[in-house]
Amino acid sequence: MDAIVVSSNTSEKPNSESSGISTPCGTVILDASVNATHHTTTPDSSPSLSFHVHDKRTAIYIQDECLKHRFIRSRDTSDIFERPERLHAVKLGLAAAIARIEDVATVTNVQKQERASATSDTDEGDLAAALARMAINSGPNISGLGPSAISSPLRTDSVAIRRTSASVSLLDHAAVKYIHGDIERDVYLESLITWARDSQTNIARKGTEIPEGIPPLDLYLCPSSIDAIQGAIGAVCEAVDASVTATRGPRPVTRGPNDPCERAFVVIRPPGHHCGEDTPSGFCFINNVAVGAAHAYLKHGVKRIIILDIDLHHGNGTQSIVWQINEETYQKSLNPEQSETDTIPKKLGPRIFYGSLHDILSFPCEDGKPVLVQAASASIHGPHGQYIENIHLQSYDSEAYFWGTLYPRYLTLLHRAREFLNETGGPGDDVMIFISCGFDAGEYEYPAMSRHDRKVPVGFYQRFTRETSRLADAYAHGRVVSVLEGGYSDRALTSGAMAHLCGLVDIPCLQTTPLDSVDWVDRAWWSVSNLVKLEKAAKPRKTGAARANTEEWLSRTIELLEVLNCGGEDSSTLTPSTSMALRQRKKPAFNGALPQSVRVGKTASRSASSSATKPTVERTGTTSRSFSSGVSKLESSNRDETYAREEHPPSGTEKKKLPRVILRVQPPDEARKS
């Protein structure tokens with residue numbers, strides 16, 4: 001890859017007398033002179049800035065269908081933590097991040113143009129080639145006069161907005177059936193569709209649309225919830241398609257705003273990481289990230305997958321699914337189904353590393369049930385084909401302690417992921433990284449949700465994401481698909497989304513070695529004072545009232561928020577789903593008739609191989625321990641109010657089926673003997 005290198009001594013802190021350029025938001029970009037050779041970094045030398053042609057680009061995926069998932073059980077939604085309306089807070093954070101990124105990108109573009117002008121002694125041909133390598137003439141023109149400024153509302157090539165209408169059919173999509181299908185019939189998927197379709201009738205008849213045995217305060221449905229769920233999955237699969245497309249085949253010298261991006265942040269709800277194969281839980285009905293990973297495997301042949309879960313809560317559903325898939329792949333490797341005459345080995349399944357950073361004291365482990373606590377503490381790497389790492393969040397009393405002591409421990413997730421990739425073949429075209437990205441561990445989350453004080457500073461979402469992106473650059477051609485999970489305080493969502501996008505984005509021509517030697521991100525962007533300004537600027541105004549935003553970044557943020565809310569760059573539609581079936585499953589045709597009482601569960605043979613516990617759940621009269629029960633008026637000033645999760649099961653109450661922690665795939669011993 002061609003590169004024009006700019007060397008810069010970064011050992012001194014920039015000041016007003018330095019040759020750097022200050023941006024309107026206070027970030028200083030060091031000036032540098034053109035160096036004709038590639039940079040090298042030694043212990044005694046300063047890091048260099050490299051002008052890379054093919055910096056990784058990040059796409060933000062917005063799916064408006066998600067807003068159709070609504071709580072209709074009553075008009076009082078104060079007890080409902082998870083609401084799609086909270087996506088507005090995420091968009092606000094993304095808009096603010098883009099405004100800051102544009103600000104930094106503007107400075108780097110000015111520097112490139114100044115350096116190009118300084119090479120007047122270069123002949124015309126060499127200068128044209130240099131300009132092409134630096135892509136000065138490509139991408140949105142900051143003056144608004146360039147050709148691509150008409151097609152893109154953004155002033156940077158680093159970020160693209162995709163407003164997608166992609167959707168999938170739960171009963172026909174191969175990846176959905178791979179994760180949530182059954183051997184004989186798609187019982188769970190059919191049941192889910194029925195629950196949503198009949199939700200209004202069931203609420204009128206018995207007060208809830210959620211079947212017996214599932215906590216109604218953790219889950220809710222309405223007739224249009226299936227549209228939201230199918231749209232969310234469609235957005236994830238479209239992001240996967242784009243990430244793979246961007247990293248395969250010849251790469252163009254310049255790229256337009258509609259070209260696929262290597263990295264993606266998929267802004268969807270409802271979340272997914274608590275949902276097991278057939279067990280909805282914790283606001284989750286379909287496991288979005290697991291389906292995305294299955295789609296990458298089935299359609300693109302991605303066979304080594306990293307899933308990094310940084311939600312406050314353990315992704316018990318994802319881990320149970322990963323365990324089952326890894327076990328199936330492992331068993332196939334031990335018992336290849338082929339004869340001596342077969343010349344082509346049977347296709348093995350994917351291998352998945354799952355790493356989670358979470359609060360062991362919170363849902364789903366808050367009751368201390370051994371099977372759930374043990375699963376959320378598992379660490380196994382290689383034996384039985386499993387690759388699982390769980391790290392527990394700890395409290396901290398200063399950022400110095402967090403970054404100096406705790407953060408290096410949390411990076412064990414990335415170290416283990418790297419070991420997994422090295423042990424299974426190293427870098428390759430069959431690798432992809434997913435992030436289950438929840439912001440509820442952030443320092444601005446409601447105390448009622450994060451009441452055990454196991455948090456991270458906002459800057460964690462930027463630094464951890466940046467280092468994850470570098471891991472993807474080294475092993476997966478830069479492929480990173482991040483999918484929104486939890487986050488319930490508007491401020492936690494806004495600040496977390498802002499930091500997360502800054503971690504995903506590469507500023508063209510501003511790459512450093514080693515990582516973060518020169519960091520273009522100013523962590524004051526998500527300080528309390530700036531967040532208060534941002535919230536005030538975004539507060540709805542009366543019709544005709546003007547916004548008094550004196551700071552340029554605030555005005556630009558509001559402009560970008562309108563783009564995220566009302567429009568964006570065109571997105572290609574999702575390609576038709578493949579007819580491939582996972583695990584060679586053959587299901588009889590479904591004639592549309594559902595049984596009178598469809599329960600969530602597997603067939604007898606599959607149930608016999610599961611050791612999941614089924615705690616009883618109180619439905620009325622007392623408070624049950626659910627994800628969100630008992631929280632009153634979250635938007636009120638009493639944000640330190642805690643909510644109960646006590647279980648007092650009445651006699652005769654049907655037990656709740658939680659996501660299985662370990663799913664056995666082989667038939668029971670009796671079946672084997674027969």
# chains A, B, ... in the order shown; residues from 1 in each chain; ligands from 1

call {"tool": "residues_around", "arguments": {"residues": "region 413-428 of chain A", "least_positions_apart": "2", "cutoff": "6 Å", "atoms": "only C-alpha atoms", "output": "JSON list (two decimals) with N, CA, C and O atoms, in the first residue's frame"}}
result
[["chain", "number", "residue", "atom", "x", "y", "z"],
["A", 355, "GLY", "N", -16.05, -13.62, 24.77],
["A", 355, "GLY", "CA", -15.45, -12.96, 25.93],
["A", 355, "GLY", "C", -16.39, -11.90, 26.46],
["A", 355, "GLY", "O", -16.91, -11.09, 25.71],
["A", 411, "LEU", "N", -8.25, -5.96, 29.60],
["A", 411, "LEU", "CA", -7.70, -6.25, 28.27],
["A", 411, "LEU", "C", -7.38, -7.73, 28.09],
["A", 411, "LEU", "O", -7.04, -8.15, 26.97],
["A", 430, "ASP", "N", -11.05, -15.69, 6.95],
["A", 430, "ASP", "CA", -12.18, -16.36, 7.59],
["A", 430, "ASP", "C", -12.41, -15.86, 9.02],
["A", 430, "ASP", "O", -13.01, -16.56, 9.84],
["A", 431, "VAL", "N", -11.97, -14.64, 9.31],
["A", 431, "VAL", "CA", -12.05, -14.09, 10.67],
["A", 431, "VAL", "C", -12.94, -12.85, 10.67],
["A", 431, "VAL", "O", -12.90, -12.04, 9.74],
["A", 475, "TYR", "N", -5.82, -9.20, 12.25],
["A", 475, "TYR", "CA", -6.23, -10.58, 12.04],
["A", 475, "TYR", "C", -7.42, -10.76, 11.10],
["A", 475, "TYR", "O", -7.62, -11.85, 10.56]]

call {"tool": "atom_distance", "arguments": {"atom1": "CA of Val458 (chain A)", "atom2": "CA of Gly93 (chain A)"}}
result
11.9 Å

call {"tool": "closest_residue", "arguments": {"among": "A:Arg541, A:Arg263, A:His273, A:Arg351", "to": "His500 (chain A)", "atoms": "only C-alpha atoms"}}
result
A:Arg263

call {"tool": "closest_residue", "arguments": {"among": "A:Phe353, A:Phe402, A:Tyr461, A:Tyr297", "to": "Ala175 (chain A)", "atoms": "only C-alpha atoms"}}
result
A:Tyr297

call {"tool": "residues_around", "arguments": {"residues": "Gly487 (chain A)", "least_positions_apart": "3", "cutoff": "10 Å", "atoms": "only C-alpha atoms", "output": "MDAnalysis selection string"}}
result
chainID A and resid 81:82 86:87 89:90 271 311:312 437:442 444:446 449 484 490:494 496:497
